[in-house]
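Engineer: To be precise about what I am sending: the file is called entry.csv and holds CSV, C-alpha atoms.
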```
chain,number,residue,atom,x,y,z
H,240,MET,CA,10.2,-3.7,-13.4
H,241,ASP,CA,10.2,-5.5,-10.0
H,242,LEU,CA,11.3,-3.2,-7.1
H,243,ALA,CA,13.6,-4.8,-4.6
H,244,LEU,CA,11.8,-3.6,-1.4
H,245,ASP,CA,13.5,-5.3,1.5
H,246,LEU,CA,10.7,-5.5,4.1
H,247,LEU,CA,12.2,-8.3,6.2
H,248,PRO,CA,14.2,-5.9,8.5
H,249,TYR,CA,10.9,-4.3,9.5
H,250,GLN,CA,9.5,-7.5,11.0
H,251,SER,CA,11.2,-6.6,14.3
H,252,LEU,CA,9.0,-3.4,14.4
H,253,LEU,CA,5.8,-5.4,14.3
H,254,GLN,CA,4.0,-5.5,17.7
H,255,VAL,CA,2.3,-8.9,18.0
H,256,LYS,CA,0.0,-10.3,20.7
H,257,VAL,CA,-2.3,-13.3,21.1
H,258,VAL,CA,-5.9,-12.7,22.1
H,259,GLU,CA,-8.2,-15.7,22.7
H,260,GLN,CA,-5.8,-17.9,20.8
H,261,GLN,CA,-5.8,-15.5,17.8
H,262,LYS,CA,-2.5,-13.8,16.7
H,263,LYS,CA,-2.9,-10.1,16.1
H,264,VAL,CA,-0.6,-7.3,14.8
H,265,PHE,CA,-0.7,-3.7,15.9
H,266,ASP,CA,-1.4,-1.1,13.2
H,267,PRO,CA,0.5,2.2,14.1
H,268,ILE,CA,-1.7,4.2,11.7
H,269,ARG,CA,-5.1,3.0,12.9
H,270,LYS,CA,-3.7,2.4,16.5
H,271,LYS,CA,-5.5,-0.9,16.8
H,272,TYR,CA,-4.6,-4.6,16.7
H,273,TYR,CA,-5.7,-6.6,13.6
H,274,VAL,CA,-5.9,-10.3,12.9
H,275,TRP,CA,-2.6,-11.7,11.7
H,276,GLN,CA,-3.3,-12.4,8.0
H,277,PRO,CA,-0.8,-12.6,5.2
H,278,GLU,CA,-2.1,-9.5,3.5
H,279,GLU,CA,-2.2,-7.6,6.7
H,280,ILE,CA,1.4,-8.4,7.5
H,281,VAL,CA,2.4,-7.2,4.0
H,282,ARG,CA,0.5,-4.0,4.7
H,283,GLN,CA,2.1,-3.4,8.1
H,284,LEU,CA,5.6,-4.1,6.8
H,285,LEU,CA,5.0,-1.7,4.0
H,286,VAL,CA,3.8,1.0,6.4
H,287,HIS,CA,7.0,0.6,8.5
H,288,TYR,CA,9.1,0.7,5.3
H,289,LEU,CA,7.4,3.8,3.9
H,290,ILE,CA,7.8,5.6,7.2
H,291,ASN,CA,11.3,4.5,8.2
H,292,GLU,CA,13.0,3.9,4.9
H,293,VAL,CA,11.4,6.3,2.5
H,294,GLY,CA,10.4,9.0,5.0
H,295,TYR,CA,6.7,9.4,4.6
H,296,ASN,CA,4.8,11.2,7.4
H,297,LYS,CA,2.6,8.6,9.1
H,298,ASN,CA,-0.1,11.3,9.5
H,299,ARG,CA,-0.5,11.4,5.7
H,300,ILE,CA,-1.0,7.6,5.4
H,301,HIS,CA,-4.5,6.2,5.5
H,302,LEU,CA,-5.3,2.5,5.5
H,303,GLU,CA,-8.3,0.6,4.3
H,304,ARG,CA,-10.2,3.6,3.1
H,305,GLY,CA,-13.6,2.9,1.7
H,306,ILE,CA,-14.3,3.9,-1.9
H,307,LYS,CA,-17.0,3.4,-4.4
H,308,VAL,CA,-16.2,1.6,-7.7
H,309,ASN,CA,-19.0,1.3,-10.2
H,310,GLY,CA,-21.5,1.8,-7.3
H,311,ARG,CA,-19.9,-1.0,-5.2
H,312,ALA,CA,-18.1,-0.5,-1.9
H,313,LYS,CA,-14.4,-1.4,-2.0
H,314,ARG,CA,-11.5,-0.8,0.3
H,315,CYS,CA,-8.2,0.8,-0.8
H,316,ASP,CA,-5.3,-0.7,1.2
H,317,ILE,CA,-3.0,2.4,1.5
H,318,ILE,CA,-3.4,6.0,0.3
H,319,ILE,CA,-0.7,8.5,1.0
H,320,TYR,CA,-1.6,12.2,0.8
H,321,ASP,CA,0.8,15.0,-0.2
H,322,GLY,CA,1.4,18.2,1.8
H,323,GLU,CA,-1.7,19.8,0.3
H,324,THR,CA,-3.8,16.8,1.5
H,325,LYS,CA,-4.4,15.6,-2.0
H,326,PRO,CA,-4.1,11.8,-2.8
H,327,TYR,CA,-0.6,11.3,-4.0
H,328,PHE,CA,0.2,7.5,-3.9
H,329,LEU,CA,-2.1,4.5,-4.0
H,330,ILE,CA,-0.9,1.1,-2.8
H,331,GLU,CA,-2.6,-2.3,-3.1
H,332,CYS,CA,-1.3,-5.1,-0.9
H,333,LYS,CA,-1.6,-8.8,-1.6
H,334,ALA,CA,-0.7,-11.9,0.4
H,335,PRO,CA,2.7,-13.3,-0.5
H,336,LYS,CA,1.2,-16.3,-2.3
H,337,ILE,CA,-0.9,-14.1,-4.6
H,338,LYS,CA,0.9,-13.5,-7.9
H,339,LEU,CA,1.0,-9.9,-9.2
H,340,THR,CA,-0.8,-10.3,-12.5
H,341,GLN,CA,-2.4,-8.0,-14.9
H,342,LYS,CA,-5.6,-8.5,-12.9
H,343,VAL,CA,-4.0,-7.0,-9.8
H,344,LEU,CA,-2.7,-4.0,-11.8
H,345,ASP,CA,-6.2,-3.6,-13.3
H,346,GLN,CA,-7.7,-3.6,-9.8
H,347,ILE,CA,-5.5,-0.7,-8.6
H,348,ALA,CA,-6.1,1.2,-11.8
H,349,ILE,CA,-9.8,0.9,-11.3
H,350,TYR,CA,-9.4,2.1,-7.7
H,351,ASN,CA,-7.4,5.0,-9.0
H,352,MET,CA,-10.1,6.3,-11.3
H,353,GLY,CA,-11.6,8.3,-8.4
H,354,PHE,CA,-8.3,9.5,-7.1
H,355,GLN,CA,-6.1,10.3,-10.2
H,356,VAL,CA,-2.9,9.9,-8.1
H,357,PRO,CA,0.5,10.3,-9.8
H,358,TYR,CA,1.9,7.0,-8.4
H,359,LEU,CA,0.6,3.4,-7.9
H,360,LEU,CA,2.2,0.5,-6.2
H,361,VAL,CA,1.2,-3.2,-5.9
H,362,SER,CA,3.1,-5.5,-3.6
H,363,ASN,CA,2.8,-9.0,-2.2
H,364,GLY,CA,5.9,-8.5,0.0
H,365,ARG,CA,8.1,-10.5,-2.3
H,366,GLN,CA,7.4,-8.6,-5.5
H,367,SER,CA,6.5,-5.0,-5.9
H,368,TYR,CA,5.7,-2.9,-8.9
H,369,CYS,CA,5.5,0.9,-8.9
H,370,CYS,CA,4.5,3.2,-11.7
H,371,ALA,CA,4.1,6.9,-12.5
H,372,ILE,CA,1.0,7.8,-14.3
H,373,ASP,CA,1.0,10.5,-17.1
H,374,TYR,CA,-2.6,11.5,-17.5
H,375,GLN,CA,-2.1,13.8,-20.4
H,376,GLU,CA,-0.3,11.2,-22.5
H,377,LYS,CA,-2.4,8.4,-21.1
H,378,THR,CA,0.7,6.3,-20.3
H,379,TYR,CA,2.5,4.9,-17.3
H,380,THR,CA,6.1,4.2,-16.6
H,381,PHE,CA,7.5,1.5,-14.2
H,382,LEU,CA,9.8,3.0,-11.6
H,383,GLU,CA,13.0,1.6,-10.1
H,384,ASN,CA,12.4,3.4,-6.8
H,385,LEU,CA,9.4,4.5,-4.8
H,386,PRO,CA,8.5,8.2,-5.1
H,387,SER,CA,9.8,10.6,-2.5
H,388,PRO,CA,7.3,12.2,-0.1
H,389,LYS,CA,5.8,15.4,-1.4
```
Could you render the structure from this file as structure tokens?

Structural biologist:
Amino acid sequence: MDLALDLLPYQSLLQVKVVEQQKKVFDPIRKKYYVWQPEEIVRQLLVHYLINEVGYNKNRIHLERGIKVNGRAKRCDIIIYDGETKPYFLIECKAPKIKLTQKVLDQIAIYNMGFQVPYLLVSNGRQSYCCAIDYQEKTYTFLENLPSPK
């Protein structure tokens, strides 16, 4: 079930500058400017949405966290921790031109093997899918809304 996340209103919150003819966007979590890339813009818009619309505490949001998957170094786009500092919500961002296929869902599922979070989200800014994981039943359910902060 495709979520209707309206990220466009958050474009006005993006801080942009040009450095040596290269456009960059400010990341309020890592407090640094990053190269303006389609996936980075989706990530930054989602961060603003999660904080301003859903109410997540920005101190519990971590971006581009390094993880090991089958012995290989990977990076997880967004991890949100709960009040007990346990991983709670894992998010994979893609550029708007990337279709959200089973391969993308498999990617986040593999990343989640080390975390075992209750919620997963994949988004390309145009389409978004969020699911709740039931580890006992080994099932997942697509959600109509993002989970509330915990």

Engineer: Using atom CA of Arg365 of chain H and atom CA of Gly353 of chain H as the two end points, give the distance in Å to one decimal.

Structural biologist: 27.9 Å

Engineer: Using all atoms listed in the file, find the one residue out of H:Arg299, H:Val281, H:Glu292, H:His287 that sits nearest to Asp316 of chain H.

Structural biologist: H:Val281

Engineer: Quick check, in Å to one decimal: how far apart do atom CA of Lys342 of chain H and atom CA of Gln283 of chain H lie?

Structural biologist: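 Going from atom CA of Lys342 of chain H over to atom CA of Gln283 of chain H, I get 22.9 Å.
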
Engineer: So how many Å separate atom CA of Asn351 of chain H and atom CA of Tyr327 of chain H, to one decimal?

Structural biologist: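 Computing the Euclidean distance for atom CA of Asn351 of chain H and atom CA of Tyr327 of chain H yields 10.5 Å.
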
Engineer: At most 12 Å from (11.6, 3.3, -7.4), file frame, only C-alpha atoms: which residues, as a count of residues only?

Structural biologist: 22

Engineer: Name the closest residue to Glu303 of chain H among the candidates H:Val361, H:Leu289, H:Leu339, H:Ile317; distances are taken between atoms, counting only C-alpha atoms.

Structural biologist: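 Using only C-alpha atoms, Glu303 of chain H sits closest to H:Ile317.
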
Engineer: Excluding Lys325 of chain H and its own-chain neighbours fewer than 6 positions away, which residues fall within 10 Å of it when counting only C-alpha atoms? Please give them as a list in words.

Structural biologist: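 Using only C-alpha atoms, the neighbours found are Arg299, Ile318, Ile319, Phe354, Gln355 and Val356 of chain H.
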
Engineer: Compare H:Leu285, H:Ile372, H:Leu247, H:Val274 by their minimum atom-to-atom distance to Gln260 of chain H, counting all atoms listed in the file, and give me the closest one.

Structural biologist: H:Val274

Engineer: Can you pull out the residues contacting Asp266 of chain H? Cut-off 9 Å, using all atoms listed in the file, and skip same-chain residues under 4 positions away; I want them as a list in words.

Structural biologist: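 The residues that qualify are Leu253, Gln254, Lys270, Lys271, Tyr272, Tyr273, Gln283 and Val286 of chain H.
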
Engineer: Output C-alpha atoms for every residue in that selection, as a short mmCIF file (atom, residue, chain, number, x, y, z; two decimals), in the coordinates of the input.

Structural biologist:
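The result, stored in again11.cif:
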```
data_model
loop_
_atom_site.label_atom_id
_atom_site.label_comp_id
_atom_site.auth_asym_id
_atom_site.auth_seq_id
_atom_site.Cartn_x
_atom_site.Cartn_y
_atom_site.Cartn_z
CA LEU H 253 5.80 -5.40 14.30
CA GLN H 254 4.00 -5.50 17.70
CA LYS H 270 -3.70 2.40 16.50
CA LYS H 271 -5.50 -0.90 16.80
CA TYR H 272 -4.60 -4.60 16.70
CA TYR H 273 -5.70 -6.60 13.60
CA GLN H 283 2.10 -3.40 8.10
CA VAL H 286 3.80 1.00 6.40
#
```

Engineer: Around (2.1, 13.5, 1.3) in the file's own coordinates, what residues are found within 8 Å if you use all atoms listed in the file, given back as a PyMOL selection string?

Structural biologist: chain H and resi 295-296+299-300+319-327+388-389

Engineer: Only C-alpha atoms, please: the residues just picked out, written as a PDB file, keeping the file's coordinate frame.

Structural biologist:
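Okay, this is what ended up in out11.pdb:
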```pdb
ATOM      1  CA  TYR H 295       6.700   9.400   4.600  1.00  0.00           C
ATOM      2  CA  ASN H 296       4.800  11.200   7.400  1.00  0.00           C
ATOM      3  CA  ARG H 299      -0.500  11.400   5.700  1.00  0.00           C
ATOM      4  CA  ILE H 300      -1.000   7.600   5.400  1.00  0.00           C
ATOM      5  CA  ILE H 319      -0.700   8.500   1.000  1.00  0.00           C
ATOM      6  CA  TYR H 320      -1.600  12.200   0.800  1.00  0.00           C
ATOM      7  CA  ASP H 321       0.800  15.000  -0.200  1.00  0.00           C
ATOM      8  CA  GLY H 322       1.400  18.200   1.800  1.00  0.00           C
ATOM      9  CA  GLU H 323      -1.700  19.800   0.300  1.00  0.00           C
ATOM     10  CA  THR H 324      -3.800  16.800   1.500  1.00  0.00           C
ATOM     11  CA  LYS H 325      -4.400  15.600  -2.000  1.00  0.00           C
ATOM     12  CA  PRO H 326      -4.100  11.800  -2.800  1.00  0.00           C
ATOM     13  CA  TYR H 327      -0.600  11.300  -4.000  1.00  0.00           C
ATOM     14  CA  PRO H 388       7.300  12.200  -0.100  1.00  0.00           C
ATOM     15  CA  LYS H 389       5.800  15.400  -1.400  1.00  0.00           C
TER      16      LYS H 389
END
```

Engineer: Calculated over only C-alpha atoms, which of the candidates H:Pro335, H:Ile290, H:Asp345, H:Gly305 has the smallest distance to Gly364 of chain H?

Structural biologist: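 The closest residue to Gly364 of chain H is H:Pro335.
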